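Participant: Coordinates in query-v2.txt, compact mmCIF, C-alpha atoms, are listed below.
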# COMPACT_ATOMS: atom_id res chain seq x y z
CA MET A 1 -12.72 20.52 4.07
CA GLN A 2 -12.54 18.23 1.03
CA PRO A 3 -13.88 14.68 1.52
CA THR A 4 -11.29 11.92 1.48
CA ILE A 5 -11.29 10.11 -1.85
CA LEU A 6 -11.00 6.41 -1.19
CA MET A 7 -9.54 5.53 -4.54
CA ARG A 8 -8.45 7.03 -7.82
CA ALA A 9 -11.37 6.92 -10.26
CA ASN A 10 -9.41 5.05 -12.94
CA ASP A 11 -8.36 2.11 -10.80
CA MET A 12 -9.62 -1.15 -12.27
CA THR A 13 -10.37 -4.12 -10.05
CA THR A 14 -7.87 -6.97 -10.06
CA ARG A 15 -10.72 -9.37 -10.80
CA ALA A 16 -11.77 -7.38 -13.89
CA ARG A 17 -8.18 -7.18 -15.15
CA TRP A 18 -7.70 -10.93 -14.80
CA TYR A 19 -11.03 -11.66 -16.50
CA LEU A 20 -10.17 -9.33 -19.39
CA ALA A 21 -6.67 -10.78 -19.73
CA ILE A 22 -7.97 -14.36 -19.83
CA ALA A 23 -10.73 -13.45 -22.31
CA GLY A 24 -8.15 -11.63 -24.42
CA VAL A 25 -5.78 -14.61 -24.54
CA ARG A 26 -8.73 -16.91 -25.36
CA HIS A 27 -9.72 -14.78 -28.37
CA LEU A 28 -6.14 -14.25 -29.55
CA LEU A 29 -5.52 -18.02 -29.50
CA VAL A 30 -8.76 -18.86 -31.32
CA GLY A 31 -8.22 -16.03 -33.81
CA GLY A 32 -4.56 -16.96 -34.29
CA PHE A 33 -5.43 -20.58 -35.05
CA ALA A 34 -8.23 -19.51 -37.44
CA LEU A 35 -5.89 -17.22 -39.37
CA LEU A 36 -2.64 -19.19 -39.27
CA ILE A 37 -3.79 -22.84 -39.17
CA PRO A 38 -7.29 -22.84 -40.72
CA GLU A 39 -7.04 -26.57 -41.46
CA ALA A 40 -7.24 -27.17 -37.67
CA PHE A 41 -10.97 -26.38 -37.88
CA LYS A 42 -11.94 -29.60 -39.65
CA SER A 43 -14.69 -30.73 -37.25
CA THR A 44 -18.18 -30.87 -38.80
CA SER A 45 -19.36 -28.84 -35.78
CA PHE A 46 -17.94 -25.72 -37.47
CA ILE A 47 -19.92 -26.18 -40.72
CA PRO A 48 -22.74 -23.69 -39.81
CA ILE A 49 -20.17 -21.14 -38.60
CA ILE A 50 -17.94 -21.41 -41.67
CA ALA A 51 -21.00 -21.51 -43.90
CA ALA A 52 -22.12 -18.16 -42.50
CA ALA A 53 -18.74 -16.42 -42.94
CA PRO A 54 -15.23 -17.46 -44.01
CA LEU A 55 -12.78 -18.54 -41.35
CA TRP A 56 -10.52 -15.51 -41.91
CA PHE A 57 -13.46 -13.29 -40.95
CA TRP A 58 -13.94 -15.17 -37.67
CA GLY A 59 -10.20 -15.11 -37.07
CA THR A 60 -9.97 -11.34 -37.61
CA PHE A 61 -13.07 -10.74 -35.50
CA SER A 62 -11.58 -12.82 -32.70
CA MET A 63 -8.17 -11.11 -32.89
CA GLY A 64 -9.86 -7.70 -32.60
CA SER A 65 -11.77 -8.79 -29.52
CA GLY A 66 -8.63 -10.31 -28.00
CA LEU A 67 -6.59 -7.16 -28.56
CA ALA A 68 -9.33 -4.97 -27.02
CA CYS A 69 -9.64 -7.20 -23.93
CA LEU A 70 -5.91 -7.69 -23.41
CA GLY A 71 -5.15 -4.03 -24.17
CA SER A 72 -7.69 -2.83 -21.61
CA ALA A 73 -6.30 -5.22 -18.98
CA ILE A 74 -2.84 -3.72 -19.53
CA THR A 75 -3.80 -0.05 -19.90
CA ARG A 76 -6.71 -0.19 -17.36
CA SER A 77 -8.84 1.74 -19.83
CA GLU A 78 -12.51 1.38 -19.00
CA PRO A 79 -13.94 2.37 -22.43
CA LEU A 80 -11.64 -0.18 -24.09
CA ALA A 81 -12.62 -2.79 -21.47
CA ARG A 82 -16.34 -2.22 -22.07
CA LEU A 83 -15.78 -2.43 -25.84
CA GLY A 84 -13.71 -5.61 -25.45
CA MET A 85 -16.21 -7.29 -23.12
CA GLY A 86 -19.16 -6.49 -25.39
CA TRP A 87 -17.19 -7.67 -28.42
CA SER A 88 -16.14 -10.85 -26.62
CA ALA A 89 -19.71 -11.57 -25.47
CA VAL A 90 -21.15 -11.19 -28.98
CA LEU A 91 -18.40 -13.26 -30.63
CA THR A 92 -18.63 -16.03 -28.05
CA LEU A 93 -22.43 -16.05 -28.38
CA LEU A 94 -22.13 -16.35 -32.17
CA ILE A 95 -19.76 -19.31 -31.93
CA GLY A 96 -22.01 -20.94 -29.31
CA VAL A 97 -25.12 -20.52 -31.46
CA GLY A 98 -23.20 -21.74 -34.52
CA LEU A 99 -22.18 -24.88 -32.66
CA LEU A 100 -25.78 -25.28 -31.43
CA LEU A 101 -27.02 -25.15 -35.04
CA ALA A 102 -24.62 -27.99 -35.81
CA VAL A 103 -26.22 -30.04 -33.02
CA PHE A 104 -29.70 -29.55 -34.53
CA LYS A 105 -28.42 -30.45 -37.99
CA GLY A 106 -26.73 -33.60 -36.71
CA GLN A 107 -23.29 -32.25 -37.63
CA SER A 108 -21.97 -31.85 -34.10
CA ALA A 109 -19.40 -34.24 -32.73
CA SER A 110 -20.48 -33.51 -29.17
CA PRO A 111 -23.10 -31.33 -27.42
CA THR A 112 -20.54 -30.08 -24.92
CA GLY A 113 -19.19 -27.46 -27.37
CA PRO A 114 -22.31 -25.25 -27.49
CA ILE A 115 -22.93 -25.78 -23.76
CA ILE A 116 -19.49 -24.46 -22.84
CA TRP A 117 -19.36 -21.64 -25.42
CA LEU A 118 -22.87 -20.42 -24.53
CA ALA A 119 -22.04 -20.57 -20.82
CA VAL A 120 -18.88 -18.50 -21.42
CA ALA A 121 -20.95 -16.07 -23.53
CA LEU A 122 -23.41 -15.64 -20.65
CA LYS A 123 -20.49 -15.09 -18.30
CA ASP A 124 -19.21 -12.32 -20.60
CA PHE A 125 -22.64 -10.68 -20.61
CA VAL A 126 -22.78 -10.86 -16.82
CA VAL A 127 -19.37 -9.17 -16.58
CA CYS A 128 -20.62 -6.42 -18.94
CA ALA A 129 -23.33 -5.56 -16.39
CA GLN A 130 -20.83 -5.32 -13.52
CA PRO A 131 -18.68 -2.36 -12.44
CA ILE A 132 -15.16 -2.63 -13.87
CA ARG A 133 -13.77 -0.06 -11.46
CA SER A 134 -14.43 -0.26 -7.73
CA PRO A 135 -13.88 2.64 -5.33
CA PHE A 136 -13.31 0.13 -2.53
CA GLU A 137 -10.56 -1.81 -4.29
CA GLY A 138 -7.69 0.51 -3.34
CA LEU A 139 -8.94 0.78 0.23
CA THR A 140 -9.19 -3.01 0.54
CA GLU A 141 -5.67 -3.44 -0.80
CA ARG A 142 -4.29 -0.84 1.61
CA ILE A 143 -5.98 -2.53 4.59
CA ALA A 144 -4.78 -5.98 3.43
CA ARG A 145 -1.21 -4.64 3.11
CA LYS A 146 -1.43 -3.07 6.58
CA GLN A 147 -2.62 -6.35 8.09
CA ALA A 148 0.11 -8.32 6.33
CA THR A 149 2.90 -6.13 7.77
CA MET B 1 -42.35 -22.11 -51.18
CA PRO B 2 -38.69 -21.02 -51.34
CA THR B 3 -36.27 -22.86 -49.07
CA LEU B 4 -33.14 -21.44 -47.49
CA ASP B 5 -29.84 -23.24 -48.05
CA LEU B 6 -27.42 -23.82 -45.17
CA PRO B 7 -25.16 -20.76 -45.71
CA SER B 8 -28.18 -18.44 -45.98
CA LEU B 9 -29.88 -19.94 -42.95
CA SER B 10 -26.69 -19.82 -40.86
CA GLN B 11 -26.02 -16.26 -41.98
CA LEU B 12 -29.55 -15.18 -41.13
CA ILE B 13 -29.57 -16.80 -37.70
CA LEU B 14 -26.10 -15.60 -36.78
CA ALA B 15 -26.84 -12.08 -38.07
CA VAL B 16 -29.94 -11.90 -35.85
CA VAL B 17 -27.96 -13.28 -32.91
CA ALA B 18 -25.16 -10.76 -33.55
CA LEU B 19 -27.61 -7.86 -33.62
CA GLY B 20 -29.42 -9.02 -30.47
CA GLY B 21 -26.13 -9.74 -28.73
CA ALA B 22 -24.68 -6.33 -29.59
CA VAL B 23 -27.77 -4.51 -28.31
CA GLY B 24 -27.77 -6.66 -25.16
CA ALA B 25 -24.07 -6.11 -24.50
CA HIS B 26 -24.48 -2.35 -24.98
CA ARG B 27 -27.38 -2.19 -22.51
CA LEU B 28 -25.58 -4.36 -19.96
CA ASN B 29 -22.44 -2.22 -20.28
CA ARG B 30 -24.52 0.89 -19.54
CA ARG B 31 -26.05 -0.85 -16.52
CA GLY B 32 -22.56 -1.70 -15.30
CA GLN B 33 -21.51 1.95 -15.66
CA VAL B 34 -24.56 3.12 -13.68
CA THR B 35 -23.78 0.66 -10.85
CA GLN B 36 -20.16 1.79 -10.90
CA THR B 37 -21.12 5.46 -10.59
CA ALA B 38 -23.46 4.65 -7.69
CA GLN B 39 -20.62 2.80 -5.92
CA GLN B 40 -18.31 5.79 -6.37
CA ILE B 41 -20.91 8.18 -4.90
CA ALA B 42 -21.53 5.83 -1.95
CA ALA B 43 -17.79 5.51 -1.35
CA ASN B 44 -17.34 9.28 -1.31
CA GLU B 45 -20.21 9.66 1.17
CA LEU B 46 -18.65 7.03 3.42
CA ALA B 47 -15.30 8.77 3.17
CA THR B 48 -16.90 12.06 4.23
CA ARG B 49 -18.50 10.40 7.24
CA ALA B 50 -15.26 8.65 8.15
CA GLN B 51 -13.56 12.05 8.10
CA GLY B 52 -16.24 13.32 10.50
CA PHE B 53 -15.48 10.41 12.82
CA GLU B 54 -11.79 11.29 12.82
CA GLU B 55 -12.61 14.87 13.78
CA MET B 56 -14.87 13.69 16.60
CA GLU B 57 -12.19 11.30 17.85
CA ALA B 58 -9.74 14.18 17.97
CA LEU B 59 -12.28 16.20 19.94
CA VAL B 60 -12.81 13.38 22.46
CA ASP B 61 -9.05 13.01 22.90
CA ARG B 62 -8.67 16.75 23.54
CA LEU B 63 -11.46 16.78 26.12
CA ASN B 64 -10.09 13.68 27.84
CA ASN B 65 -6.69 15.33 28.17
CA GLU B 66 -8.27 18.48 29.54
CA ILE B 67 -10.26 16.52 32.12
CA SER B 68 -7.18 14.55 33.18
CA ARG B 69 -5.35 17.84 33.68
CA LEU B 70 -8.19 19.23 35.82
CA GLU B 71 -8.50 16.00 37.82
CA GLY B 72 -4.82 16.24 38.59
CA ARG B 73 -5.32 19.48 40.50
CA ALA B 74 -5.88 19.61 44.23
CA ASP B 75 -8.37 22.45 43.83
CA ARG B 76 -11.91 21.37 44.87
CA GLU B 77 -13.57 23.68 42.36
CA ALA B 78 -11.45 22.25 39.58
CA MET B 79 -12.37 18.71 40.69
CA ALA B 80 -16.09 19.56 40.52
CA GLN B 81 -15.58 21.10 37.11
CA ALA B 82 -13.76 17.95 35.97
CA ARG B 83 -16.68 15.77 37.11
CA ARG B 84 -19.10 17.92 35.05
CA CYS B 85 -16.74 17.66 32.11
CA ARG B 86 -16.60 13.89 32.47
CA THR B 87 -20.41 13.59 32.48
CA THR B 88 -20.74 15.75 29.38
CA LEU B 89 -18.02 13.84 27.63
CA ASP B 90 -19.63 10.50 28.52
CA HIS B 91 -22.85 11.67 26.85
CA PHE B 92 -20.90 12.65 23.80
CA VAL B 93 -18.98 9.36 23.62
CA LEU B 94 -22.25 7.42 23.96
CA ALA B 95 -23.80 9.31 21.04
CA PHE B 96 -20.58 8.96 19.08
CA THR B 97 -20.47 5.20 19.64
CA THR B 98 -24.11 4.90 18.59
CA LEU B 99 -23.32 6.84 15.45
CA GLN B 100 -20.41 4.57 14.62
CA GLY B 101 -22.70 1.56 15.06
CA GLN B 102 -25.48 3.07 12.96
CA VAL B 103 -23.68 4.96 10.25
CA VAL B 104 -26.75 5.22 8.07
CA SER B 105 -29.04 6.39 10.86
CA GLU B 106 -29.91 10.06 10.52
CA GLN B 107 -31.33 10.05 14.05
CA ALA B 108 -28.01 8.85 15.47
CA ARG B 109 -26.20 11.57 13.55
CA GLN B 110 -28.53 14.23 15.00
CA ALA B 111 -28.00 12.82 18.52
CA ALA B 112 -24.23 13.02 18.05
CA GLU B 113 -24.50 16.59 16.78
CA ALA B 114 -26.69 17.54 19.77
CA ALA B 115 -24.14 15.99 22.12
CA GLN B 116 -21.38 17.91 20.38
CA VAL B 117 -23.34 21.17 20.86
CA GLU B 118 -23.70 20.23 24.53
CA VAL B 119 -19.93 19.80 24.75
CA GLU B 120 -19.37 23.15 23.07
CA GLN B 121 -21.77 24.93 25.45
CA HIS B 122 -20.15 23.27 28.41
CA ARG B 123 -16.72 24.28 27.20
CA ALA B 124 -17.84 27.87 26.64
CA GLU B 125 -19.35 28.08 30.13
CA ASP B 126 -16.80 26.16 32.19
CA HIS B 127 -13.65 26.63 30.11
CA PRO B 128 -13.94 29.99 28.35
CA ASN B 129 -10.17 30.34 28.07
CA THR B 130 -9.50 27.04 26.30
CA GLU B 131 -8.81 26.87 22.58
CA PRO B 132 -11.72 26.23 20.19
CA THR B 133 -12.33 22.55 19.45
CA LEU B 134 -11.54 20.98 16.11
CA GLY B 135 -13.88 20.81 13.16
CA THR B 136 -17.23 22.36 13.93
CA ALA B 137 -16.16 24.91 16.56
Represent the supplied structure as structure tokens.
Facilitator:
Amino acid sequence: MQPTILMRANDMTTRARWYLAIAGVRHLLVGGFALLIPEAFKSTSFIPIIAAAPLWFWGTFSMGSGLACLGSAITRSEPLARLGMGWSAVLTLLIGVGLLLAVFKGQSASPTGPIIWLAVALKDFVVCAQPIRSPFEGLTERIARKQAT
Amino acid sequence: MPTLDLPSLSQLILAVVALGGAVGAHRLNRRGQVTQTAQQIAANELATRAQGFEEMEALVDRLNNEISRLEGRADREAMAQARRCRTTLDHFVLAFTTLQGQVVSEQARQAAEAAQVEVEQHRAEDHPNTEPTLGTA
């Protein structure tokens, strides 16, 4: 007799989908501002980042990450999710380190920027190391639905 | 000694960070996939065991019904047979309950299997005309 399969293998956890969607929107907004309203990035904190590469590069890089994250949240594709999360982690880390460089060069308006960006980068790395699909998710949802009715 | 200007220094630092970050993200992604595969295997094992529990529950229900039928008779021999059935079934239910409490215990699983064999032997000896039990019969 075949063992009962608790859950379809391609089911993505709700938590992972929300995280990917939020990360995707974050990168699309940052990338959109960088490409469409570059003059919004006038803080001296961005000098090391813009000195390393033009703003359009950062904007395009961010849009790509945002599309991968948001696309994977919609399509529930695990390869795309893993690509998007890795991309997001690296991009967020780069911005965080860039802002940190500005702190050391006395160009930063506030130290909170690198703290927050580096913390979000670490969070992205942590999510990379976690399962994106869970075989228990479907079972949990079924039991929760049963208890609700 | 040559000095690096700001764009070069920023580019160098961020390039190193990008490379390290990409390698780190790739490794962490692979670790996540390994954990995910392990969870899927564990879930399938649990599902298999749960299926075994369902089969054993069906067996207990069948035996209970059979005993109730025998106990309902006025025949003394049938009553004695029912008492023996009840004792055997109690042993089985005890082992079954232990197994449910200790899912990961191999010893408990073996005890439940031994109890099930006992039930089968009892059925073959005392109830040769009854239908075979579910699952392992």
Participant: Just the residues within 7 Å of His26 of chain B, please, counting all atoms listed in the file, with nothing from its chain fewer than 4 positions along; format it as a PDB file with C-alpha atoms, keeping the file's coordinate frame.
Facilitator:
ATOM      1  CA  GLY A  86     -19.160  -6.490 -25.390  1.00  0.00           C
TER       2      GLY A  86
ATOM      3  CA  ALA B  22     -24.680  -6.330 -29.590  1.00  0.00           C
ATOM      4  CA  ARG B  30     -24.520   0.890 -19.540  1.00  0.00           C
TER       5      ARG B  30
END
Participant: At a cut-off of 12 Å, using only C-alpha atoms, what residues contact segment 63-69 of chain A? Leave out same-chain residues fewer than 4 positions from it and give the result as a VMD selection string.
Facilitator: chain A and resid 16 to 36 56 to 59 73 to 92 124
Participant: To one decimal in Å, tell me the separation between atom CA of Arg133 of chain A and atom CA of Thr13 of chain A.
Facilitator: 5.5 Å
Participant: Provide the atom CA of Thr44 of chain A to atom CA of Ser108 of chain A distance in Å, to one decimal place.
Facilitator: 6.1 Å
Participant: When you draw a straight line from atom CA of Arg123 of chain B to atom CA of Leu59 of chain B, how long is it in Å?
Facilitator: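 These two atoms are separated by 11.7 Å.
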Participant: Would you please work out which residue, of B:Ile67, B:Leu12, B:Leu28, B:Leu19, is nearest to chain A when using only C-alpha atoms?
Facilitator: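 Smallest separation from chain A among the options: B:Leu28.
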Participant: Can you patch up segment 74-91 of chain B, filling it in to N, CA and C atoms, and show the result as an mmCIF file, keeping the file's coordinate frame?
Facilitator:
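New file result30.cif:
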data_model
loop_
_atom_site.group_PDB
_atom_site.id
_atom_site.type_symbol
_atom_site.label_atom_id
_atom_site.label_comp_id
_atom_site.auth_asym_id
_atom_site.auth_seq_id
_atom_site.Cartn_x
_atom_site.Cartn_y
_atom_site.Cartn_z
ATOM 1 N N ALA B 74 -5.364 19.825 42.878
ATOM 2 C CA ALA B 74 -5.880 19.610 44.230
ATOM 3 C C ALA B 74 -7.097 20.495 44.513
ATOM 4 N N ASP B 75 -7.282 21.484 43.663
ATOM 5 C CA ASP B 75 -8.370 22.450 43.830
ATOM 6 C C ASP B 75 -9.743 21.756 43.794
ATOM 7 N N ARG B 76 -10.605 22.017 44.802
ATOM 8 C CA ARG B 76 -11.910 21.370 44.870
ATOM 9 C C ARG B 76 -12.816 21.843 43.731
ATOM 10 N N GLU B 77 -12.730 23.145 43.438
ATOM 11 C CA GLU B 77 -13.570 23.680 42.360
ATOM 12 C C GLU B 77 -13.210 23.039 41.009
ATOM 13 N N ALA B 78 -11.911 22.890 40.824
ATOM 14 C CA ALA B 78 -11.450 22.250 39.580
ATOM 15 C C ALA B 78 -11.908 20.804 39.512
ATOM 16 N N MET B 79 -11.908 20.114 40.650
ATOM 17 C CA MET B 79 -12.370 18.710 40.690
ATOM 18 C C MET B 79 -13.851 18.630 40.302
ATOM 19 N N ALA B 80 -14.657 19.552 40.839
ATOM 20 C CA ALA B 80 -16.090 19.560 40.520
ATOM 21 C C ALA B 80 -16.296 19.838 39.028
ATOM 22 N N GLN B 81 -15.492 20.770 38.537
ATOM 23 C CA GLN B 81 -15.580 21.100 37.110
ATOM 24 C C GLN B 81 -15.210 19.880 36.257
ATOM 25 N N ALA B 82 -14.210 19.143 36.698
ATOM 26 C CA ALA B 82 -13.760 17.950 35.970
ATOM 27 C C ALA B 82 -14.864 16.895 35.940
ATOM 28 N N ARG B 83 -15.586 16.759 37.069
ATOM 29 C CA ARG B 83 -16.680 15.770 37.110
ATOM 30 C C ARG B 83 -17.768 16.141 36.090
ATOM 31 N N ARG B 84 -18.077 17.474 36.024
ATOM 32 C CA ARG B 84 -19.100 17.920 35.050
ATOM 33 C C ARG B 84 -18.609 17.653 33.625
ATOM 34 N N CYS B 85 -17.349 17.918 33.429
ATOM 35 C CA CYS B 85 -16.740 17.660 32.110
ATOM 36 C C CYS B 85 -16.885 16.191 31.738
ATOM 37 N N ARG B 86 -16.580 15.336 32.719
ATOM 38 C CA ARG B 86 -16.600 13.890 32.470
ATOM 39 C C ARG B 86 -18.006 13.425 32.089
ATOM 40 N N THR B 87 -19.021 13.966 32.779
ATOM 41 C CA THR B 87 -20.410 13.590 32.480
ATOM 42 C C THR B 87 -20.783 14.011 31.064
ATOM 43 N N THR B 88 -20.428 15.248 30.725
ATOM 44 C CA THR B 88 -20.740 15.750 29.380
ATOM 45 C C THR B 88 -20.029 14.919 28.320
ATOM 46 N N LEU B 89 -18.804 14.615 28.595
ATOM 47 C CA LEU B 89 -18.020 13.840 27.630
ATOM 48 C C LEU B 89 -18.584 12.427 27.477
ATOM 49 N N ASP B 90 -19.028 11.844 28.587
ATOM 50 C CA ASP B 90 -19.630 10.500 28.520
ATOM 51 C C ASP B 90 -20.855 10.504 27.613
ATOM 52 N N HIS B 91 -21.668 11.568 27.727
ATOM 53 C CA HIS B 91 -22.850 11.670 26.850
ATOM 54 C C HIS B 91 -22.408 11.722 25.388
#
